[in-house]
Amino acid sequence: MRESSNTMHSTLPTVGFIGLGNMGSGMTRNLQAAGYPLVVNDIRQEAATELLAHGAIWANTPAEVAASSDLVITMLPTPRHVDVVVNGPDGLLVGMADGGTWIDMSTSVPEVAEGVRARHAARNLHILDAPVSGMSVGAFSGMLQIFIGGEAEDVVRLRPVFEAMGDPERILHVGPAGTGYAVKLMINQLWFSHLVATAEVLAVGVRAGVNLEVLRASIVASPANSNFVQNDVLAILDYGDYDEGFAIALACKDLGLSMDLARSVGVPTELSAVVEQVFRRAKAQYGDLAGEMSPVKLYEDLIGTPLRREPQLEVVV
Ligand code: NAD
């Protein structure tokens, strides 16, 4: 049973947290367990029920969150949501004191933060981007990987807060403001590319008559091995789990942002463009809430059989 952090007379800073979805719910749980007093907000108030039962305080607006916290974290779906929460009529900036701290942990792009810096330069705000990897499972276990873009002094000052949510070994200061977003988008782009490439080769191999696990184990033992083939695809092969903890609509959002980033820096990304289209096809086919690994299902549908390995088959290659 977690302690009620807001009644513990904590000397830790009060953390404002906006966005209590698949990721934010686990992250706030861990902040609370580490003793941070929390002030929370979401457009779905029911998302806060458990946090409030353990001592968190509800705020009706992002402005109220900012006014009652020492620092504010946002964990929201898209840059559009971040913009509303930060710049809206009841947004963060209305309630935040001069010199305040805002950490955006959403997978997003730097434009909103850059606009804030440009329009509010005199307020001396501390703004960091700190998106994460590790899925909702990592958010709940407090083992997220965190990529931080921002000033070194801020990263040092805020490290304990990050450590309450992430794996201390994998909390990385990756450069100045904006670089955290870029690292996260590139990691997702590569992982999504691995996913589509893996689905293709497994579907072709199985159609060509190879046993699925023999094929997978052969790839694992070969120079073409990847973390996706070795580990992540097993959720599908063993359990038919396409990871509904991360909606395909958000995966498509990430791929779109990644393509925008590539365009903005003038690098053609032909492969990524194809991967994005495959993801969009899966979203159209299975709906916005389907799991991020649903593109594999497109290939299963194509070959007319789910990719599932036989439970007892142990393959030594
Ligand atoms: P989610 O949709 O489950 O949660 C988002 C939350 O934000 C919801 O509770 C929603 O009600 C709330 N929200 C939306 N607009 C709001 C507003 N105006 N004011 C207050 N609350 C608002 O999304 P998620 O899966 O938790 O993802 C959050 C971010 O983390 C996204 O940028 C996503 O790309 C990224 N991410 C997700 C995962 C994952 O596995 N789910 C992994 C890494 C990164």
# chains A, B, ... in the order shown; residues from 1 in each chain; ligands from 1
call {"tool": "residues_near_ligand", "arguments": {"ligand": "ligand 1", "cutoff": "7 Å", "atoms": "only C-alpha atoms and all ligand atoms", "output": "PyMOL selection string"}}
result
chain A and resi 18-24+41-44+47+75-78+81+84-85+105-108+131-136+245-247+250-251+254
call {"tool": "write_last_selection", "arguments": {"atoms": "N, CA and C atoms", "output": "short mmCIF file (atom, residue, chain, number, x, y, z; two decimals), in the first residue's frame"}}
result
data_model
loop_
_atom_site.label_atom_id
_atom_site.label_comp_id
_atom_site.auth_asym_id
_atom_site.auth_seq_id
_atom_site.Cartn_x
_atom_site.Cartn_y
_atom_site.Cartn_z
N ILE A 18 0.11 16.68 -15.63
CA ILE A 18 -1.07 16.80 -16.49
C ILE A 18 -0.99 15.74 -17.59
N GLY A 19 -2.00 14.87 -17.64
CA GLY A 19 -2.04 13.78 -18.61
C GLY A 19 -1.86 12.44 -17.92
N LEU A 20 -2.98 11.87 -17.45
CA LEU A 20 -2.93 10.65 -16.63
C LEU A 20 -3.41 9.44 -17.42
N GLY A 21 -2.86 9.28 -18.63
CA GLY A 21 -3.28 8.18 -19.49
C GLY A 21 -2.45 6.93 -19.26
N ASN A 22 -2.25 6.16 -20.33
CA ASN A 22 -1.50 4.90 -20.23
C ASN A 22 -0.14 5.11 -19.59
N MET A 23 0.52 6.21 -19.94
CA MET A 23 1.86 6.47 -19.41
C MET A 23 1.80 7.27 -18.11
N GLY A 24 1.06 8.36 -18.14
CA GLY A 24 1.01 9.27 -16.98
C GLY A 24 0.51 8.59 -15.73
N ASN A 41 -4.04 16.85 -13.07
CA ASN A 41 -5.17 17.26 -13.91
C ASN A 41 -5.19 16.40 -15.16
N ASP A 42 -6.42 16.15 -15.64
CA ASP A 42 -6.63 15.44 -16.90
C ASP A 42 -8.04 15.83 -17.35
N ILE A 43 -8.32 15.75 -18.64
CA ILE A 43 -9.71 16.04 -19.04
C ILE A 43 -10.64 14.93 -18.58
N ARG A 44 -10.08 13.77 -18.20
CA ARG A 44 -10.89 12.69 -17.63
C ARG A 44 -10.60 12.65 -16.13
N ALA A 47 -9.56 9.51 -14.21
CA ALA A 47 -8.20 8.95 -14.32
C ALA A 47 -7.38 9.22 -13.05
N MET A 75 2.28 15.01 -19.92
CA MET A 75 2.42 13.71 -20.60
C MET A 75 1.17 13.54 -21.46
N LEU A 76 1.18 14.19 -22.62
CA LEU A 76 -0.03 14.35 -23.43
C LEU A 76 0.15 13.72 -24.80
N PRO A 77 -0.97 13.44 -25.50
CA PRO A 77 -0.86 12.67 -26.74
C PRO A 77 -0.04 13.35 -27.84
N THR A 78 -0.35 14.58 -28.19
CA THR A 78 0.24 15.18 -29.40
C THR A 78 0.67 16.64 -29.12
N HIS A 81 -2.23 18.89 -28.25
CA HIS A 81 -2.69 18.84 -26.85
C HIS A 81 -1.74 19.62 -25.94
N VAL A 84 -2.46 23.34 -26.26
CA VAL A 84 -3.67 23.77 -25.54
C VAL A 84 -3.38 23.87 -24.04
N VAL A 85 -2.72 22.84 -23.51
CA VAL A 85 -2.47 22.79 -22.06
C VAL A 85 -1.51 23.91 -21.62
N MET A 105 7.13 15.55 -21.17
CA MET A 105 7.60 14.18 -21.36
C MET A 105 6.83 13.48 -22.49
N SER A 106 5.94 14.23 -23.16
CA SER A 106 5.21 13.70 -24.31
C SER A 106 6.20 13.45 -25.46
N THR A 107 5.83 12.54 -26.36
CA THR A 107 6.59 12.43 -27.60
C THR A 107 6.08 13.54 -28.50
N SER A 108 6.91 14.54 -28.73
CA SER A 108 6.41 15.74 -29.39
C SER A 108 7.55 16.41 -30.17
N PRO A 131 11.09 13.13 -23.30
CA PRO A 131 10.25 12.00 -23.70
C PRO A 131 10.86 10.67 -23.26
N VAL A 132 10.07 9.64 -23.35
CA VAL A 132 10.45 8.35 -22.74
C VAL A 132 10.26 7.18 -23.70
N SER A 133 10.96 6.10 -23.38
CA SER A 133 10.72 4.79 -24.01
C SER A 133 10.47 3.80 -22.91
N GLY A 134 9.81 2.69 -23.24
CA GLY A 134 9.64 1.64 -22.25
C GLY A 134 8.21 1.18 -22.10
N MET A 135 7.33 1.73 -22.89
CA MET A 135 5.92 1.31 -22.93
C MET A 135 5.24 1.56 -21.57
N SER A 136 3.94 1.28 -21.54
CA SER A 136 3.19 1.51 -20.30
C SER A 136 3.72 0.60 -19.18
N GLY A 245 -1.48 -0.98 -24.98
CA GLY A 245 -1.00 0.09 -24.09
C GLY A 245 -0.46 1.28 -24.86
N PHE A 246 -0.23 1.10 -26.14
CA PHE A 246 0.18 2.23 -27.00
C PHE A 246 -0.66 2.16 -28.27
N ALA A 247 -1.58 3.11 -28.38
CA ALA A 247 -2.54 3.08 -29.49
C ALA A 247 -1.85 3.36 -30.82
N LEU A 250 -1.42 6.89 -31.92
CA LEU A 250 -0.26 7.63 -31.41
C LEU A 250 1.02 7.23 -32.15
N ALA A 251 1.10 5.95 -32.53
CA ALA A 251 2.27 5.52 -33.32
C ALA A 251 2.29 6.28 -34.65
N ASP A 254 3.53 9.72 -34.08
CA ASP A 254 5.00 9.75 -33.96
C ASP A 254 5.67 9.68 -35.33
#
call {"tool": "select_by_dssp", "arguments": {"residues": "range 59-223 of chain A", "states": "helix (DSSP H, G or I)", "output": "PyMOL selection string"}}
result
chain A and resi 62-67+79-87+92-95+111-119+121-123+135-141+152-165+179-207+212-220
call {"tool": "closest_residue", "arguments": {"among": "A:Ile248, A:Met143, A:Leu92, A:Met27", "to": "Ala284 in chain A", "atoms": "only C-alpha atoms"}}
result
A:Ile248
call {"tool": "closest_residue", "arguments": {"among": "A:Glu213, A:Asp90, A:Asp238, A:Asp104", "to": "Phe162 in chain A", "atoms": "only C-alpha atoms"}}
result
A:Asp104
call {"tool": "residues_around", "arguments": {"residues": "Val204 in chain A", "least_positions_apart": "4", "cutoff": "12 Å", "atoms": "only C-alpha atoms", "output": "PDB file with C-alpha atoms, in the first residue's frame"}}
result
ATOM      1  CA  ALA A 197      10.607  -5.468 -41.784  1.00  0.00           C
ATOM      2  CA  THR A 198      10.175  -8.348 -39.322  1.00  0.00           C
ATOM      3  CA  ALA A 199       6.506  -8.834 -40.185  1.00  0.00           C
ATOM      4  CA  GLU A 200       7.434  -9.016 -43.857  1.00  0.00           C
ATOM      5  CA  ALA A 208       7.577 -20.509 -48.071  1.00  0.00           C
ATOM      6  CA  GLY A 209       7.056 -23.437 -45.709  1.00  0.00           C
ATOM      7  CA  VAL A 210       9.498 -22.670 -42.888  1.00  0.00           C
ATOM      8  CA  ASN A 211       8.359 -23.275 -39.310  1.00  0.00           C
ATOM      9  CA  LEU A 212       7.843 -19.870 -37.683  1.00  0.00           C
ATOM     10  CA  LEU A 215      12.790 -19.030 -38.904  1.00  0.00           C
ATOM     11  CA  TYR A 299       0.726  -9.501 -42.875  1.00  0.00           C
ATOM     12  CA  GLU A 300      -1.043 -12.219 -40.913  1.00  0.00           C
ATOM     13  CA  LEU A 302      -2.364 -11.433 -46.050  1.00  0.00           C
ATOM     14  CA  ILE A 303      -1.032 -14.958 -45.535  1.00  0.00           C
ATOM     15  CA  GLY A 304      -4.289 -16.069 -43.933  1.00  0.00           C
ATOM     16  CA  THR A 305      -2.765 -17.305 -40.668  1.00  0.00           C
ATOM     17  CA  LEU A 307       1.977 -15.701 -36.627  1.00  0.00           C
TER      18      LEU A 307
END
call {"tool": "atom_distance", "arguments": {"atom1": "CA of Asp260 in chain A", "atom2": "CA of Pro79 in chain A"}}
result
12.6 Å
